[in-house]
Structures are given as C-alpha cells and as structure tokens.
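Undergrad: The structure follows.
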Amino acid sequence: MAPPTAPLNLDVGAISGICGSISIAAWVVVFSPQIIENFRRGSADGLSVRFIILWLLGDVFNILGAVLQGVLPTMLILAIYYTIADFVLLAQCFYYKGFTWKDEVPPPKTKSSNGIIVDEPTERTSLLNHHVHDRERRGSGWSHLNPAVPLVSEPPAVPPPTPTRLQSAIWNSVAVLMVCVAGIAGWLLSRQYSTGQPDSPTGEGFPSFDIWGQIFGWLCAILYLGSRLPQLLLNWRRKSTEGVSVLFFLFACLGNLTYVLSIFAYEPHCAEAHCQPGEAAKIYGRYILVNSSWLAGSLGTLILDLCIFAQFFIYGKDDSVYVDDEVIVDEDISADEGRVDDRPLLERVGSGLP
C-alpha cells in the first residue's frame, strides 16, 4: 500500500514552493523555443548578439553569486544549465551571422515596378540580383520552342499558412499552462518525498549576508537589465519582431514572475519558538535585503520583457503584410508562367514574344 499523503495546506511555505517550482520549470524550457526557431528559419537575424552576450555574462555572475551566497545545489545546477544554453544560442548566432559583435539590420523590402518585393541594393549586393532572379524564375523564352514537348508549368512553391493571432494565442497559452502544470507536479512530488523527513530547526535567525555574493548578484542584475536593451533597439531598427520567438519571452516572464513571488512568500523563523515583538519584521526585512539584487534583476527584466511584448503587437501586423504580399506575387508570377501561346512556332519567333 502507498503511504498516506499529508493534507494539502497552502500556507506561505507551500505558495513559495509552488512558485519556485514553476519558475524552475519555465527556466528549463525558456531557451528551447528560440533555438528551434533559429534552426527552423536557418537564420538568427531576429536575435541580438549583444543581448545573448550580456545574458551570458549575467548567468556567469549568477553562478558566482550563488556559490558565494550559499544557495541550494539545485539552483546552482540550473545556473550552470542556463550558461550552457546561452552558449548554444550564441553559437547559433555566430554560425548564421558570422563571427560579429554587431547587430546588422537587413535592408527594408520594397516593391519594384512589376510588384515584386525585393531588397534594396547595398554595398554588399549587386544591383542586378533581382533581375537575374526574375529571369531564373520565369525561365528562358527558348525553353519550350519544341512543339512536340508540351508546356507544363511547375506548381508554385506554396509557403505554409501563417497561423492567425488567435491560433498563436491558443498555442502559447497551452504551452504556458503545461509548464505551470509541470511545476506544480514537481512540487507535489518533492512534497511527497519530503514527507516523513525530520523538520529543520526553527531557530534560523537572521539570513546570512555575504558581501562578495551581493556584489556579484548586483552585477548579475545590471547585466540582465542591460541585455534587454539591445534586443529592444534591434526590433525598433528593424521595425519587426520576425525571427524572435514569443514563447522565449513568455517563459522568461513566467520564470521571473514566479521567482519574485517565491521570494516574497517567505515566512520568518525566529530564534525562539515564539517571536518577540518586531523580530519577524526584522528577519523578513533582512531576508528581502539579502535577495534584493535578484529581486531587482527579475522585476526589471520582467518590465523590459513587457516592452518587447508591446513590440510584438506593434510590428506583428507589418510582418503579416509582407508575407501576404509575397504570396500574392508568387501567384501572379505562376499565372504568367502558366500561359500557353497557341500561335504557330514561326509567328511566335518573329514577334519576339516568348
């Protein structure tokens, strides 16, 4: 028989444990959507290299601060995992963009006289690129002069349908809900396995304060806050969020929000069985002071991530317009290619028409 489980009491410690478990689940999968997005597109143009570098440095200082401040071993393992995931994202950026520290903005797309969307020529591109591309797509006029060979136009490559905003919202909500369920399930499992273990002594007293741990913690918070600025600037310069996974920042917001709630949900433990007047408030205040750098980093990045979400809504319409225009142009070109000239061969050659 399975051992009986203890009654579920959602006290302050339980709320802190649930929020912390959801935060861990969110941070475990936070990098996966962006890594998959870069691999699917074969490009990392939407991601700022400086954003990843600053985030990587923040995770390194997070490891140092966690070691000096004496956090739980699971948090230290997660910090090391974050650093490895940062290296994967940075390797993708260097692989697709080349070894560069700059965030280059691709030239804006414009419509030519025939309605085809092309990129503006720069010092790195040829002025005749789009004309050559147009001739290659339409084919040579002498390719079907043999009357014995019927003209069969190849079906145009139809891109996969772009999901609507409602479909994207439903999918993102389901993904966030699954992460929350996984976090709650992890907390329940840890609570079940910890049942029956001897309780820790109540006399914890004031939380410890390590000066070097605080220095590295504040450096970590500054780097986390500064890392969002290059991504915000790149999105603003591109006037687009194409290539940036919205789930990447959704999981980051969920992880930061639940992490902050897990810190605030703290029940002070006095040195004696009963707290003296004002003793609990002093312990709680010192606890918040010890974790102030991690609170500042999480709250600050949460606010900046909301600004990135605003860019998703502002620039999302422009990205969909470009996709729709490209599909219409492809259909027009394929319709032109599918036209068959029924005139005799000599008349077609003499008229100069393909």
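Labels used: A, B, ... for chains in the order of the structure tokens, numbers from 1 for residues in each chain, and numbers from 1 for ligands as shown.
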If you count only C-alpha atoms, which residues fall within 9 Å of A:Leu64, apart from same-chain ones fewer than 5 positions away, as a list in words?
TA: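 Listing them by chain and then by number gives Asp59, Gln69, Trp212, Gly213, Phe216 and Gly217 of chain A.
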Undergrad: Keeping only C-alpha atoms, write the selected residues as a short mmCIF file (atom, residue, chain, number, x, y, z; two decimals), in the first residue's frame.
TA:
```cif
data_model
loop_
_atom_site.label_atom_id
_atom_site.label_comp_id
_atom_site.auth_asym_id
_atom_site.auth_seq_id
_atom_site.Cartn_x
_atom_site.Cartn_y
_atom_site.Cartn_z
CA ASP A 59 24.47 33.98 -15.87
CA GLN A 69 25.78 33.32 -1.10
CA TRP A 212 31.02 39.29 -2.45
CA GLY A 213 27.85 37.34 -3.14
CA PHE A 216 28.16 39.52 -7.98
CA GLY A 217 24.39 39.48 -7.52
#
```
Undergrad: Which neighbours of A:Ala280 fall inside 10 Å, counting only C-alpha atoms, when residues of the same chain fewer than 5 positions from it are skipped, and could you give them as a PyMOL selection string?
TA: chain A and resi 205-206+267-271+274-275+285-286
Undergrad: Give me, as a list in words, all polymer residues having an atom no more than 10 Å from A:Ile53, counting only C-alpha atoms and skipping those fewer than 4 positions away in the same chain.
TA: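 The neighbour list is Ser48, Val49, Leu57, Gly58, Asp59, Asp86, Phe87, Leu89, Leu90, Trp101, Leu223 and Ser227 of chain A.
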Undergrad: Which residues are near stretch 257-266 of chain A? Cut-off 12 Å, only C-alpha atoms, ignore same chain within fewer than 2 positions. Put them as a PyMOL selection string.
TA: chain A and resi 10-27+75+179-180+183-184+207+249-255+268-269+280-281+283-303+305-306
Undergrad: Near A:Trp55, counting only C-alpha atoms, which residues have an atom at most 10 Å away, once you skip same-chain residues fewer than 5 positions from it, shown as a ChimeraX atom specification?
TA: /A:49-50,60-61,82-83,86,220-221,223-228
Undergrad: Keeping N, CA, C and O atoms for every residue in the selection just given, could you write it to a file as a short mmCIF file (atom, residue, chain, number, x, y, z; two decimals), in the first residue's frame?
TA:
```cif
data_model
loop_
_atom_site.label_atom_id
_atom_site.label_comp_id
_atom_site.auth_asym_id
_atom_site.auth_seq_id
_atom_site.Cartn_x
_atom_site.Cartn_y
_atom_site.Cartn_z
N VAL A 49 22.95 39.80 -30.96
CA VAL A 49 24.13 39.13 -30.43
C VAL A 49 24.52 39.73 -29.07
O VAL A 49 24.90 39.00 -28.14
N ARG A 50 24.41 41.03 -28.95
CA ARG A 50 24.76 41.68 -27.68
C ARG A 50 23.79 41.26 -26.57
O ARG A 50 24.19 41.17 -25.40
N VAL A 60 26.91 34.01 -15.77
CA VAL A 60 28.19 33.69 -15.15
C VAL A 60 28.29 34.32 -13.76
O VAL A 60 28.69 33.66 -12.78
N PHE A 61 27.94 35.60 -13.65
CA PHE A 61 27.96 36.25 -12.34
C PHE A 61 26.90 35.66 -11.42
O PHE A 61 27.06 35.68 -10.19
N TYR A 82 21.74 27.22 -17.53
CA TYR A 82 21.45 28.44 -18.27
C TYR A 82 22.67 28.89 -19.07
O TYR A 82 22.56 29.33 -20.22
N THR A 83 23.84 28.79 -18.46
CA THR A 83 25.06 29.20 -19.14
C THR A 83 25.32 28.35 -20.37
O THR A 83 25.71 28.86 -21.43
N ASP A 86 22.98 29.42 -23.04
CA ASP A 86 23.44 30.68 -23.63
C ASP A 86 24.52 30.44 -24.68
O ASP A 86 24.53 31.09 -25.74
N CYS A 220 25.11 40.83 -11.72
CA CYS A 220 24.20 39.97 -12.49
C CYS A 220 22.92 40.72 -12.83
O CYS A 220 22.44 40.64 -13.98
N ALA A 221 22.35 41.44 -11.87
CA ALA A 221 21.11 42.19 -12.12
C ALA A 221 21.31 43.27 -13.17
O ALA A 221 20.47 43.47 -14.06
N LEU A 223 23.56 43.34 -15.59
CA LEU A 223 23.73 42.71 -16.89
C LEU A 223 22.41 42.19 -17.44
O LEU A 223 22.13 42.29 -18.65
N TYR A 224 21.57 41.63 -16.59
CA TYR A 224 20.26 41.16 -17.03
C TYR A 224 19.41 42.33 -17.55
O TYR A 224 18.73 42.22 -18.56
N LEU A 225 19.45 43.45 -16.82
CA LEU A 225 18.69 44.61 -17.25
C LEU A 225 19.23 45.19 -18.55
O LEU A 225 18.48 45.56 -19.45
N GLY A 226 20.56 45.25 -18.66
CA GLY A 226 21.15 45.79 -19.88
C GLY A 226 21.02 44.89 -21.08
O GLY A 226 21.09 45.36 -22.22
N SER A 227 20.79 43.59 -20.86
CA SER A 227 20.72 42.68 -22.00
C SER A 227 19.47 42.91 -22.84
O SER A 227 19.48 42.68 -24.06
N ARG A 228 18.37 43.37 -22.23
CA ARG A 228 17.13 43.58 -23.00
C ARG A 228 17.22 44.79 -23.91
O ARG A 228 16.51 44.85 -24.92
#
```
Undergrad: Counting only C-alpha atoms, which residue out of A:Leu76, A:Ala185, A:Leu166, A:Leu68 sits closest to A:Asp210?
TA: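 For A:Asp210, the nearest of the given residues is A:Leu68.
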Undergrad: Taking the DSSP secondary structure from the backbone, can you list the residues of stretch 255-299 of chain A that are helix (DSSP H, G or I), as a PDB file with all heavy atoms, in the first residue's frame?
TA:
```pdb
ATOM      1  N   GLY A 255       8.977  32.764 -15.665  1.00  0.00           N
ATOM      2  CA  GLY A 255      10.028  32.415 -14.718  1.00  0.00           C
ATOM      3  C   GLY A 255      10.362  33.540 -13.770  1.00  0.00           C
ATOM      4  O   GLY A 255      10.525  33.328 -12.554  1.00  0.00           O
ATOM      5  N   ASN A 256      10.449  34.777 -14.290  1.00  0.00           N
ATOM      6  CA  ASN A 256      10.769  35.916 -13.433  1.00  0.00           C
ATOM      7  C   ASN A 256       9.632  36.225 -12.471  1.00  0.00           C
ATOM      8  O   ASN A 256       9.865  36.530 -11.288  1.00  0.00           O
ATOM      9  CB  ASN A 256      11.070  37.149 -14.291  1.00  0.00           C
ATOM     10  CG  ASN A 256      12.451  37.105 -14.903  1.00  0.00           C
ATOM     11  OD1 ASN A 256      13.408  36.647 -14.278  1.00  0.00           O
ATOM     12  ND2 ASN A 256      12.577  37.560 -16.136  1.00  0.00           N
ATOM     13  N   LEU A 257       8.392  36.156 -12.959  1.00  0.00           N
ATOM     14  CA  LEU A 257       7.247  36.480 -12.101  1.00  0.00           C
ATOM     15  C   LEU A 257       7.120  35.496 -10.954  1.00  0.00           C
ATOM     16  O   LEU A 257       6.969  35.890  -9.778  1.00  0.00           O
ATOM     17  CB  LEU A 257       5.974  36.501 -12.943  1.00  0.00           C
ATOM     18  CG  LEU A 257       4.679  36.800 -12.187  1.00  0.00           C
ATOM     19  CD1 LEU A 257       4.722  38.174 -11.542  1.00  0.00           C
ATOM     20  CD2 LEU A 257       3.475  36.690 -13.122  1.00  0.00           C
ATOM     21  N   THR A 258       7.165  34.214 -11.255  1.00  0.00           N
ATOM     22  CA  THR A 258       7.043  33.210 -10.191  1.00  0.00           C
ATOM     23  C   THR A 258       8.254  33.217  -9.259  1.00  0.00           C
ATOM     24  O   THR A 258       8.128  32.917  -8.070  1.00  0.00           O
ATOM     25  CB  THR A 258       6.851  31.819 -10.807  1.00  0.00           C
ATOM     26  OG1 THR A 258       7.880  31.578 -11.786  1.00  0.00           O
ATOM     27  CG2 THR A 258       5.497  31.706 -11.485  1.00  0.00           C
ATOM     28  N   TYR A 259       9.430  33.573  -9.793  1.00  0.00           N
ATOM     29  CA  TYR A 259      10.620  33.662  -8.933  1.00  0.00           C
ATOM     30  C   TYR A 259      10.475  34.792  -7.922  1.00  0.00           C
ATOM     31  O   TYR A 259      10.806  34.636  -6.730  1.00  0.00           O
ATOM     32  CB  TYR A 259      11.860  33.864  -9.797  1.00  0.00           C
ATOM     33  CG  TYR A 259      13.144  33.961  -9.016  1.00  0.00           C
ATOM     34  CD1 TYR A 259      13.686  32.849  -8.380  1.00  0.00           C
ATOM     35  CD2 TYR A 259      13.826  35.167  -8.919  1.00  0.00           C
ATOM     36  CE1 TYR A 259      14.861  32.930  -7.664  1.00  0.00           C
ATOM     37  CE2 TYR A 259      15.006  35.265  -8.199  1.00  0.00           C
ATOM     38  CZ  TYR A 259      15.525  34.156  -7.579  1.00  0.00           C
ATOM     39  OH  TYR A 259      16.684  34.238  -6.860  1.00  0.00           O
ATOM     40  N   VAL A 260       9.950  35.935  -8.377  1.00  0.00           N
ATOM     41  CA  VAL A 260       9.736  37.056  -7.469  1.00  0.00           C
ATOM     42  C   VAL A 260       8.694  36.699  -6.411  1.00  0.00           C
ATOM     43  O   VAL A 260       8.857  37.004  -5.217  1.00  0.00           O
ATOM     44  CB  VAL A 260       9.305  38.304  -8.275  1.00  0.00           C
ATOM     45  CG1 VAL A 260       8.816  39.405  -7.341  1.00  0.00           C
ATOM     46  CG2 VAL A 260      10.475  38.823  -9.103  1.00  0.00           C
ATOM     47  N   LEU A 261       7.621  36.031  -6.827  1.00  0.00           N
ATOM     48  CA  LEU A 261       6.592  35.638  -5.864  1.00  0.00           C
ATOM     49  C   LEU A 261       7.128  34.632  -4.846  1.00  0.00           C
ATOM     50  O   LEU A 261       6.759  34.682  -3.665  1.00  0.00           O
ATOM     51  CB  LEU A 261       5.393  35.039  -6.610  1.00  0.00           C
ATOM     52  CG  LEU A 261       4.591  36.009  -7.480  1.00  0.00           C
ATOM     53  CD1 LEU A 261       3.476  35.269  -8.209  1.00  0.00           C
ATOM     54  CD2 LEU A 261       4.014  37.152  -6.651  1.00  0.00           C
ATOM     55  N   SER A 262       8.004  33.733  -5.308  1.00  0.00           N
ATOM     56  CA  SER A 262       8.573  32.761  -4.369  1.00  0.00           C
ATOM     57  C   SER A 262       9.464  33.428  -3.333  1.00  0.00           C
ATOM     58  O   SER A 262       9.576  32.949  -2.196  1.00  0.00           O
ATOM     59  CB  SER A 262       9.362  31.696  -5.141  1.00  0.00           C
ATOM     60  OG  SER A 262      10.533  32.249  -5.724  1.00  0.00           O
ATOM     61  N   ILE A 263      10.112  34.534  -3.705  1.00  0.00           N
ATOM     62  CA  ILE A 263      10.948  35.253  -2.740  1.00  0.00           C
ATOM     63  C   ILE A 263      10.086  36.024  -1.746  1.00  0.00           C
ATOM     64  O   ILE A 263      10.331  36.020  -0.529  1.00  0.00           O
ATOM     65  CB  ILE A 263      11.924  36.194  -3.474  1.00  0.00           C
ATOM     66  CG1 ILE A 263      12.951  35.381  -4.263  1.00  0.00           C
ATOM     67  CG2 ILE A 263      12.631  37.115  -2.486  1.00  0.00           C
ATOM     68  CD1 ILE A 263      13.936  36.228  -5.046  1.00  0.00           C
ATOM     69  N   PHE A 264       9.050  36.698  -2.250  1.00  0.00           N
ATOM     70  CA  PHE A 264       8.186  37.475  -1.348  1.00  0.00           C
ATOM     71  C   PHE A 264       7.406  36.574  -0.389  1.00  0.00           C
ATOM     72  O   PHE A 264       7.120  36.979   0.743  1.00  0.00           O
ATOM     73  CB  PHE A 264       7.217  38.331  -2.161  1.00  0.00           C
ATOM     74  CG  PHE A 264       7.829  39.594  -2.694  1.00  0.00           C
ATOM     75  CD1 PHE A 264       7.751  39.917  -4.041  1.00  0.00           C
ATOM     76  CD2 PHE A 264       8.493  40.465  -1.852  1.00  0.00           C
ATOM     77  CE1 PHE A 264       8.311  41.077  -4.537  1.00  0.00           C
ATOM     78  CE2 PHE A 264       9.061  41.640  -2.324  1.00  0.00           C
ATOM     79  CZ  PHE A 264       8.971  41.941  -3.679  1.00  0.00           C
ATOM     80  N   GLU A 279      10.404  41.164  15.870  1.00  0.00           N
ATOM     81  CA  GLU A 279      11.510  40.298  15.431  1.00  0.00           C
ATOM     82  C   GLU A 279      11.239  39.715  14.047  1.00  0.00           C
ATOM     83  O   GLU A 279      12.139  39.649  13.194  1.00  0.00           O
ATOM     84  CB  GLU A 279      11.727  39.185  16.443  1.00  0.00           C
ATOM     85  CG  GLU A 279      12.922  38.283  16.115  1.00  0.00           C
ATOM     86  CD  GLU A 279      13.114  37.175  17.132  1.00  0.00           C
ATOM     87  OE1 GLU A 279      12.279  37.089  18.073  1.00  0.00           O
ATOM     88  OE2 GLU A 279      14.080  36.402  16.990  1.00  0.00           O
ATOM     89  N   ALA A 280       9.981  39.285  13.796  1.00  0.00           N
ATOM     90  CA  ALA A 280       9.646  38.703  12.500  1.00  0.00           C
ATOM     91  C   ALA A 280       9.813  39.727  11.373  1.00  0.00           C
ATOM     92  O   ALA A 280      10.298  39.400  10.284  1.00  0.00           O
ATOM     93  CB  ALA A 280       8.209  38.162  12.521  1.00  0.00           C
ATOM     94  N   ALA A 281       9.423  40.979  11.639  1.00  0.00           N
ATOM     95  CA  ALA A 281       9.563  42.013  10.613  1.00  0.00           C
ATOM     96  C   ALA A 281      11.034  42.285  10.297  1.00  0.00           C
ATOM     97  O   ALA A 281      11.408  42.495   9.133  1.00  0.00           O
ATOM     98  CB  ALA A 281       8.872  43.297  11.075  1.00  0.00           C
ATOM     99  N   LYS A 282      11.896  42.258  11.334  1.00  0.00           N
ATOM    100  CA  LYS A 282      13.322  42.476  11.086  1.00  0.00           C
ATOM    101  C   LYS A 282      13.925  41.336  10.265  1.00  0.00           C
ATOM    102  O   LYS A 282      14.729  41.570   9.355  1.00  0.00           O
ATOM    103  CB  LYS A 282      14.059  42.606  12.419  1.00  0.00           C
ATOM    104  CG  LYS A 282      13.731  43.873  13.182  1.00  0.00           C
ATOM    105  CD  LYS A 282      14.516  43.932  14.482  1.00  0.00           C
ATOM    106  CE  LYS A 282      14.198  45.200  15.262  1.00  0.00           C
ATOM    107  NZ  LYS A 282      14.957  45.252  16.543  1.00  0.00           N
ATOM    108  N   ILE A 283      13.531  40.106  10.572  1.00  0.00           N
ATOM    109  CA  ILE A 283      14.056  38.963   9.816  1.00  0.00           C
ATOM    110  C   ILE A 283      13.592  39.019   8.371  1.00  0.00           C
ATOM    111  O   ILE A 283      14.374  38.783   7.434  1.00  0.00           O
ATOM    112  CB  ILE A 283      13.625  37.648  10.493  1.00  0.00           C
ATOM    113  CG1 ILE A 283      14.256  37.531  11.876  1.00  0.00           C
ATOM    114  CG2 ILE A 283      14.001  36.445   9.628  1.00  0.00           C
ATOM    115  CD1 ILE A 283      13.811  36.314  12.648  1.00  0.00           C
ATOM    116  N   TYR A 284      12.315  39.376   8.186  1.00  0.00           N
ATOM    117  CA  TYR A 284      11.790  39.455   6.814  1.00  0.00           C
ATOM    118  C   TYR A 284      12.471  40.593   6.031  1.00  0.00           C
ATOM    119  O   TYR A 284      12.795  40.437   4.848  1.00  0.00           O
ATOM    120  CB  TYR A 284      10.279  39.674   6.849  1.00  0.00           C
ATOM    121  CG  TYR A 284       9.632  39.635   5.490  1.00  0.00           C
ATOM    122  CD1 TYR A 284       9.310  38.423   4.889  1.00  0.00           C
ATOM    123  CD2 TYR A 284       9.337  40.806   4.802  1.00  0.00           C
ATOM    124  CE1 TYR A 284       8.721  38.375   3.639  1.00  0.00           C
ATOM    125  CE2 TYR A 284       8.751  40.776   3.552  1.00  0.00           C
ATOM    126  CZ  TYR A 284       8.437  39.555   2.973  1.00  0.00           C
ATOM    127  OH  TYR A 284       7.858  39.515   1.733  1.00  0.00           O
ATOM    128  N   GLY A 285      12.692  41.725   6.693  1.00  0.00           N
ATOM    129  CA  GLY A 285      13.363  42.829   6.022  1.00  0.00           C
ATOM    130  C   GLY A 285      14.790  42.475   5.621  1.00  0.00           C
ATOM    131  O   GLY A 285      15.252  42.830   4.532  1.00  0.00           O
ATOM    132  N   ARG A 286      15.507  41.784   6.516  1.00  0.00           N
ATOM    133  CA  ARG A 286      16.872  41.384   6.174  1.00  0.00           C
ATOM    134  C   ARG A 286      16.860  40.334   5.055  1.00  0.00           C
ATOM    135  O   ARG A 286      17.745  40.329   4.198  1.00  0.00           O
ATOM    136  CB  ARG A 286      17.582  40.825   7.413  1.00  0.00           C
ATOM    137  CG  ARG A 286      19.050  40.488   7.162  1.00  0.00           C
ATOM    138  CD  ARG A 286      19.734  40.055   8.435  1.00  0.00           C
ATOM    139  NE  ARG A 286      21.120  39.691   8.198  1.00  0.00           N
ATOM    140  CZ  ARG A 286      22.144  40.551   8.152  1.00  0.00           C
ATOM    141  NH1 ARG A 286      21.906  41.851   8.321  1.00  0.00           N
ATOM    142  NH2 ARG A 286      23.370  40.130   7.943  1.00  0.00           N
ATOM    143  N   TYR A 287      15.867  39.470   5.073  1.00  0.00           N
ATOM    144  CA  TYR A 287      15.745  38.467   4.004  1.00  0.00           C
ATOM    145  C   TYR A 287      15.536  39.145   2.646  1.00  0.00           C
ATOM    146  O   TYR A 287      16.153  38.756   1.647  1.00  0.00           O
ATOM    147  CB  TYR A 287      14.586  37.525   4.326  1.00  0.00           C
ATOM    148  CG  TYR A 287      14.200  36.606   3.199  1.00  0.00           C
ATOM    149  CD1 TYR A 287      14.938  35.460   2.919  1.00  0.00           C
ATOM    150  CD2 TYR A 287      13.087  36.885   2.415  1.00  0.00           C
ATOM    151  CE1 TYR A 287      14.571  34.611   1.885  1.00  0.00           C
ATOM    152  CE2 TYR A 287      12.714  36.045   1.387  1.00  0.00           C
ATOM    153  CZ  TYR A 287      13.464  34.914   1.124  1.00  0.00           C
ATOM    154  OH  TYR A 287      13.101  34.084   0.096  1.00  0.00           O
ATOM    155  N   ILE A 288      14.683  40.159   2.598  1.00  0.00           N
ATOM    156  CA  ILE A 288      14.466  40.891   1.344  1.00  0.00           C
ATOM    157  C   ILE A 288      15.735  41.637   0.939  1.00  0.00           C
ATOM    158  O   ILE A 288      16.085  41.717  -0.243  1.00  0.00           O
ATOM    159  CB  ILE A 288      13.280  41.863   1.491  1.00  0.00           C
ATOM    160  CG1 ILE A 288      11.983  41.082   1.726  1.00  0.00           C
ATOM    161  CG2 ILE A 288      13.147  42.750   0.258  1.00  0.00           C
ATOM    162  CD1 ILE A 288      11.591  40.182   0.577  1.00  0.00           C
ATOM    163  N   LEU A 289      16.464  42.164   1.909  1.00  0.00           N
ATOM    164  CA  LEU A 289      17.699  42.880   1.604  1.00  0.00           C
ATOM    165  C   LEU A 289      18.745  41.936   1.013  1.00  0.00           C
ATOM    166  O   LEU A 289      19.459  42.297   0.067  1.00  0.00           O
ATOM    167  CB  LEU A 289      18.241  43.543   2.874  1.00  0.00           C
ATOM    168  CG  LEU A 289      19.535  44.348   2.719  1.00  0.00           C
ATOM    169  CD1 LEU A 289      19.321  45.517   1.770  1.00  0.00           C
ATOM    170  CD2 LEU A 289      20.028  44.840   4.085  1.00  0.00           C
ATOM    171  N   VAL A 290      18.838  40.721   1.559  1.00  0.00           N
ATOM    172  CA  VAL A 290      19.791  39.747   1.028  1.00  0.00           C
ATOM    173  C   VAL A 290      19.460  39.392  -0.412  1.00  0.00           C
ATOM    174  O   VAL A 290      20.341  39.231  -1.258  1.00  0.00           O
ATOM    175  CB  VAL A 290      19.820  38.495   1.937  1.00  0.00           C
ATOM    176  CG1 VAL A 290      20.588  37.362   1.262  1.00  0.00           C
ATOM    177  CG2 VAL A 290      20.443  38.825   3.278  1.00  0.00           C
ATOM    178  N   SER A 292      17.756  41.295  -2.534  1.00  0.00           N
ATOM    179  CA  SER A 292      17.337  42.490  -3.274  1.00  0.00           C
ATOM    180  C   SER A 292      17.917  42.526  -4.692  1.00  0.00           C
ATOM    181  O   SER A 292      17.255  42.979  -5.632  1.00  0.00           O
ATOM    182  CB  SER A 292      17.751  43.751  -2.506  1.00  0.00           C
ATOM    183  OG  SER A 292      19.159  43.769  -2.306  1.00  0.00           O
ATOM    184  N   SER A 293      19.142  42.040  -4.868  1.00  0.00           N
ATOM    185  CA  SER A 293      19.726  42.075  -6.211  1.00  0.00           C
ATOM    186  C   SER A 293      18.984  41.143  -7.157  1.00  0.00           C
ATOM    187  O   SER A 293      18.714  41.495  -8.318  1.00  0.00           O
ATOM    188  CB  SER A 293      21.206  41.686  -6.142  1.00  0.00           C
ATOM    189  OG  SER A 293      21.357  40.381  -5.595  1.00  0.00           O
ATOM    190  N   TRP A 294      18.623  39.960  -6.671  1.00  0.00           N
ATOM    191  CA  TRP A 294      17.870  39.022  -7.510  1.00  0.00           C
ATOM    192  C   TRP A 294      16.456  39.534  -7.764  1.00  0.00           C
ATOM    193  O   TRP A 294      15.899  39.329  -8.844  1.00  0.00           O
ATOM    194  CB  TRP A 294      17.849  37.656  -6.841  1.00  0.00           C
ATOM    195  CG  TRP A 294      19.155  36.940  -6.959  1.00  0.00           C
ATOM    196  CD1 TRP A 294      19.559  36.114  -7.975  1.00  0.00           C
ATOM    197  CD2 TRP A 294      20.248  37.003  -6.055  1.00  0.00           C
ATOM    198  NE1 TRP A 294      20.833  35.660  -7.747  1.00  0.00           N
ATOM    199  CE2 TRP A 294      21.285  36.181  -6.579  1.00  0.00           C
ATOM    200  CE3 TRP A 294      20.467  37.668  -4.842  1.00  0.00           C
ATOM    201  CZ2 TRP A 294      22.506  36.018  -5.936  1.00  0.00           C
ATOM    202  CZ3 TRP A 294      21.687  37.499  -4.205  1.00  0.00           C
ATOM    203  CH2 TRP A 294      22.682  36.683  -4.752  1.00  0.00           C
ATOM    204  N   LEU A 295      15.873  40.215  -6.779  1.00  0.00           N
ATOM    205  CA  LEU A 295      14.557  40.817  -6.986  1.00  0.00           C
ATOM    206  C   LEU A 295      14.615  41.931  -8.022  1.00  0.00           C
ATOM    207  O   LEU A 295      13.748  42.032  -8.900  1.00  0.00           O
ATOM    208  CB  LEU A 295      14.017  41.367  -5.660  1.00  0.00           C
ATOM    209  CG  LEU A 295      13.428  40.354  -4.685  1.00  0.00           C
ATOM    210  CD1 LEU A 295      13.093  41.032  -3.355  1.00  0.00           C
ATOM    211  CD2 LEU A 295      12.178  39.720  -5.270  1.00  0.00           C
ATOM    212  N   ALA A 296      15.638  42.782  -7.933  1.00  0.00           N
ATOM    213  CA  ALA A 296      15.762  43.887  -8.881  1.00  0.00           C
ATOM    214  C   ALA A 296      15.982  43.362 -10.302  1.00  0.00           C
ATOM    215  O   ALA A 296      15.394  43.872 -11.259  1.00  0.00           O
ATOM    216  CB  ALA A 296      16.914  44.805  -8.465  1.00  0.00           C
ATOM    217  N   GLY A 297      16.825  42.340 -10.442  1.00  0.00           N
ATOM    218  CA  GLY A 297      17.067  41.791 -11.766  1.00  0.00           C
ATOM    219  C   GLY A 297      15.830  41.161 -12.366  1.00  0.00           C
ATOM    220  O   GLY A 297      15.518  41.365 -13.550  1.00  0.00           O
ATOM    221  N   SER A 298      15.070  40.417 -11.560  1.00  0.00           N
ATOM    222  CA  SER A 298      13.877  39.746 -12.077  1.00  0.00           C
ATOM    223  C   SER A 298      12.764  40.735 -12.377  1.00  0.00           C
ATOM    224  O   SER A 298      12.115  40.660 -13.430  1.00  0.00           O
ATOM    225  CB  SER A 298      13.394  38.702 -11.069  1.00  0.00           C
ATOM    226  OG  SER A 298      14.368  37.693 -10.884  1.00  0.00           O
ATOM    227  N   LEU A 299      12.514  41.689 -11.464  1.00  0.00           N
ATOM    228  CA  LEU A 299      11.457  42.668 -11.704  1.00  0.00           C
ATOM    229  C   LEU A 299      11.790  43.584 -12.874  1.00  0.00           C
ATOM    230  O   LEU A 299      10.929  43.916 -13.695  1.00  0.00           O
ATOM    231  CB  LEU A 299      11.220  43.494 -10.445  1.00  0.00           C
ATOM    232  CG  LEU A 299      10.440  42.815  -9.321  1.00  0.00           C
ATOM    233  CD1 LEU A 299      10.397  43.704  -8.082  1.00  0.00           C
ATOM    234  CD2 LEU A 299       9.025  42.493  -9.772  1.00  0.00           C
TER     235      LEU A 299
END
```
Undergrad: What's the separation between atom CA of A:Ile35 and atom CA of A:Gln92, in Å to one decimal place?
TA: 7.9 Å
